[in-house]
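The next block is work.cif, given as mmCIF, C-alpha atoms; chains and numbers go by the auth columns.
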data_target
loop_
_atom_site.group_PDB
_atom_site.id
_atom_site.type_symbol
_atom_site.label_atom_id
_atom_site.label_comp_id
_atom_site.label_asym_id
_atom_site.label_seq_id
_atom_site.Cartn_x
_atom_site.Cartn_y
_atom_site.Cartn_z
_atom_site.B_iso_or_equiv
_atom_site.auth_seq_id
_atom_site.auth_asym_id
ATOM 1 C CA MET A 1 26.518 168.388 99.552 0.00 12 A
ATOM 2 C CA LEU A 2 23.535 170.155 97.949 0.00 13 A
ATOM 3 C CA SER A 3 23.505 172.596 100.865 0.00 14 A
ATOM 4 C CA GLU A 4 27.154 173.443 100.199 0.00 15 A
ATOM 5 C CA VAL A 5 26.474 173.977 96.480 0.00 16 A
ATOM 6 C CA LEU A 6 23.483 176.213 97.191 0.00 17 A
ATOM 7 C CA GLY A 7 25.422 178.121 99.845 0.00 18 A
ATOM 8 C CA LEU A 8 28.206 178.880 97.377 0.00 19 A
ATOM 9 C CA VAL A 9 25.740 180.025 94.712 0.00 20 A
ATOM 10 C CA ALA A 10 23.930 182.300 97.190 0.00 21 A
ATOM 11 C CA GLY A 11 27.184 183.591 98.659 0.00 22 A
ATOM 12 C CA GLU A 12 28.337 184.680 95.210 0.00 23 A
ATOM 13 C CA GLY A 13 25.091 186.541 94.521 0.00 24 A
ATOM 14 C CA GLY A 14 23.379 183.877 92.413 0.00 25 A
ATOM 15 C CA ASN A 15 19.637 183.327 92.716 0.00 26 A
ATOM 16 C CA VAL A 16 18.524 179.674 92.520 0.00 27 A
ATOM 17 C CA LEU A 17 15.427 179.400 90.324 0.00 28 A
ATOM 18 C CA THR A 18 14.900 175.635 90.052 0.00 29 A
ATOM 19 C CA ILE A 19 16.422 172.388 91.299 0.00 30 A
ATOM 20 C CA HIS A 20 15.848 169.020 89.604 0.00 31 A
ATOM 21 C CA GLN A 21 17.389 165.938 91.218 0.00 32 A
ATOM 22 C CA SER A 22 17.313 162.298 90.172 0.00 33 A
ATOM 23 C CA ILE A 23 16.917 159.485 92.683 0.00 34 A
ATOM 24 C CA PRO A 24 20.341 158.787 94.189 0.00 35 A
ATOM 25 C CA LEU A 25 21.790 155.443 93.107 0.00 36 A
ATOM 26 C CA GLN A 26 24.842 154.156 94.969 0.00 37 A
ATOM 27 C CA GLY A 27 25.182 157.548 96.638 0.00 38 A
ATOM 28 C CA ILE A 28 25.236 159.535 93.394 0.00 39 A
ATOM 29 C CA ALA A 29 22.464 161.762 92.030 0.00 40 A
ATOM 30 C CA ASN A 30 22.249 164.025 89.013 0.00 41 A
ATOM 31 C CA VAL A 31 21.207 167.544 89.924 0.00 42 A
ATOM 32 C CA VAL A 32 20.315 170.341 87.509 0.00 43 A
ATOM 33 C CA ILE A 33 20.160 173.803 89.059 0.00 44 A
ATOM 34 C CA SER A 34 18.882 176.884 87.214 0.00 45 A
ATOM 35 C CA VAL A 35 20.572 180.027 88.507 0.00 46 A
ATOM 36 C CA GLU A 36 19.991 183.705 87.757 0.00 47 A
ATOM 37 C CA VAL A 37 23.519 185.106 87.470 0.00 48 A
ATOM 38 C CA SER A 38 22.952 188.750 86.577 0.00 49 A
ATOM 39 C CA ARG A 39 23.996 189.925 90.063 0.00 50 A
ATOM 40 C CA LEU A 40 27.018 187.723 90.680 0.00 51 A
ATOM 41 C CA ASN A 41 29.812 189.142 92.831 0.00 52 A
ATOM 42 C CA GLU A 42 32.390 187.461 90.535 0.00 53 A
ATOM 43 C CA GLU A 43 32.598 186.220 86.967 0.00 54 A
ATOM 44 C CA LEU A 44 30.456 183.212 86.028 0.00 55 A
ATOM 45 C CA ASP A 45 33.593 181.149 85.353 0.00 56 A
ATOM 46 C CA ASP A 46 34.734 181.803 88.930 0.00 57 A
ATOM 47 C CA LEU A 47 31.430 180.455 90.276 0.00 58 A
ATOM 48 C CA LEU A 48 31.689 177.363 88.077 0.00 59 A
ATOM 49 C CA ASP A 49 35.276 176.770 89.239 0.00 60 A
ATOM 50 C CA GLY A 50 34.162 177.133 92.861 0.00 61 A
ATOM 51 C CA LEU A 51 31.461 174.524 92.319 0.00 62 A
ATOM 52 C CA ARG A 52 33.998 172.161 90.773 0.00 63 A
ATOM 53 C CA ARG A 53 36.182 172.447 93.885 0.00 64 A
ATOM 54 C CA ILE A 54 33.431 171.177 96.201 0.00 65 A
ATOM 55 C CA SER A 55 34.303 167.687 97.392 0.00 66 A
ATOM 56 C CA GLY A 56 31.937 165.161 95.860 0.00 67 A
ATOM 57 C CA VAL A 57 30.906 167.279 92.880 0.00 68 A
ATOM 58 C CA ARG A 58 31.778 165.209 89.840 0.00 69 A
ATOM 59 C CA ARG A 59 30.834 167.530 86.986 0.00 70 A
ATOM 60 C CA VAL A 60 29.766 171.146 86.526 0.00 71 A
ATOM 61 C CA GLN A 61 28.421 172.211 83.166 0.00 72 A
ATOM 62 C CA MET A 62 26.690 175.334 81.910 0.00 73 A
ATOM 63 C CA ILE A 63 23.798 174.158 79.760 0.00 74 A
ATOM 64 C CA GLY A 64 22.514 177.488 78.492 0.00 75 A
ATOM 65 C CA GLN A 65 22.747 181.198 78.860 0.00 76 A
ATOM 66 C CA GLY A 66 20.360 183.850 77.752 0.00 77 A
#

What is this file in structure tokens?
Amino acid sequence: MLSEVLGLVAGEGGNVLTIHQSIPLQGIANVVISVEVSRLNEELDDLLDGLRRISGVRRVQMIGQG
């Protein structure tokens, strides 16, 4: 699943800066990914919507922007 998320981010022109993942419990892990979005091919909202459509992704949230 992480590979699919990272593939989508890269395919849309995002640059992954950091990945933090908790230990999976019952098949679920929290993952925080920092992404440089200045060169996206689409709008940021489109990327977030694409991430939400990935099967198994439970929540997508933008934490900060700057």

Going by the chain IDs and residue numbers used in this file, which residues fall under the PyMOL selection byres ((chain A and resi 67) around 12)? Write them as a PyMOL selection string. chain A and resi 12-13+15-16+38-41+62-66+68-71

List every protein, DNA or RNA residue with an atom no more than 9 Å from (18.5, 167.6, 95.0) in the file's coordinates, counting all atoms listed in the file, and format the result as a PyMOL selection string. chain A and resi 13+30-34+40-44

Grab the residues selected above and save them as a PDB file, keeping the file's coordinate frame with C-alpha atoms.
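Output contents, as saved in out_30.pdb:
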ATOM      1  CA  LEU A  13      23.535 170.155  97.949  1.00  0.00           C
ATOM      2  CA  ILE A  30      16.422 172.388  91.299  1.00  0.00           C
ATOM      3  CA  HIS A  31      15.848 169.020  89.604  1.00  0.00           C
ATOM      4  CA  GLN A  32      17.389 165.938  91.218  1.00  0.00           C
ATOM      5  CA  SER A  33      17.313 162.298  90.172  1.00  0.00           C
ATOM      6  CA  ILE A  34      16.917 159.485  92.683  1.00  0.00           C
ATOM      7  CA  ALA A  40      22.464 161.762  92.030  1.00  0.00           C
ATOM      8  CA  ASN A  41      22.249 164.025  89.013  1.00  0.00           C
ATOM      9  CA  VAL A  42      21.207 167.544  89.924  1.00  0.00           C
ATOM     10  CA  VAL A  43      20.315 170.341  87.509  1.00  0.00           C
ATOM     11  CA  ILE A  44      20.160 173.803  89.059  1.00  0.00           C
TER      12      ILE A  44
END

Provide the atom CA of Glu23 of chain A to atom CA of Glu47 of chain A distance in Å, to one decimal place. 11.2 Å

Counting all atoms listed in the file, note down every residue that has an atom within 10 Å of the point (17.5, 177.7, 95.0) (file coordinates), as a PyMOL selection string. chain A and resi 14+16-18+20-21+25-30+44-47

Prev. selection, C-alpha atoms, output as a compact mmCIF listing (two decimals), in the coordinates of the input:
# COMPACT_ATOMS: atom_id res chain seq x y z
CA SER A 14 23.50 172.60 100.86
CA VAL A 16 26.47 173.98 96.48
CA LEU A 17 23.48 176.21 97.19
CA GLY A 18 25.42 178.12 99.84
CA VAL A 20 25.74 180.02 94.71
CA ALA A 21 23.93 182.30 97.19
CA GLY A 25 23.38 183.88 92.41
CA ASN A 26 19.64 183.33 92.72
CA VAL A 27 18.52 179.67 92.52
CA LEU A 28 15.43 179.40 90.32
CA THR A 29 14.90 175.64 90.05
CA ILE A 30 16.42 172.39 91.30
CA ILE A 44 20.16 173.80 89.06
CA SER A 45 18.88 176.88 87.21
CA VAL A 46 20.57 180.03 88.51
CA GLU A 47 19.99 183.70 87.76

Please, what is the axis-aligned box for every listed atom of segment 34-45 of chain A with 5 Å on each side, as centre and edge lengths in Å to one decimal, as lines of an AutoDock Vina configuration file?
center_x = 21.1
center_y = 165.5
center_z = 91.9
size_x = 18.3
size_y = 32.7
size_z = 19.4

Atomic distance atom CA of Arg50 of chain A - atom CA of Gly24 of chain A, expressed in Å with one decimal: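 Going from atom CA of Arg50 of chain A over to atom CA of Gly24 of chain A, I get 5.7 Å.
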
Can you measure atom CA of Leu36 of chain A to atom CA of Asp60 of chain A for me? One decimal in Å is fine.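 Atom-to-atom, atom CA of Leu36 of chain A and atom CA of Asp60 of chain A are spaced 25.5 Å apart.
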
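Each of A:Leu19, A:Val48, A:Gly61, A:Glu54 was compared to Gly75 of chain A using only C-alpha atoms, and A:Val48 turns out to be the nearest.
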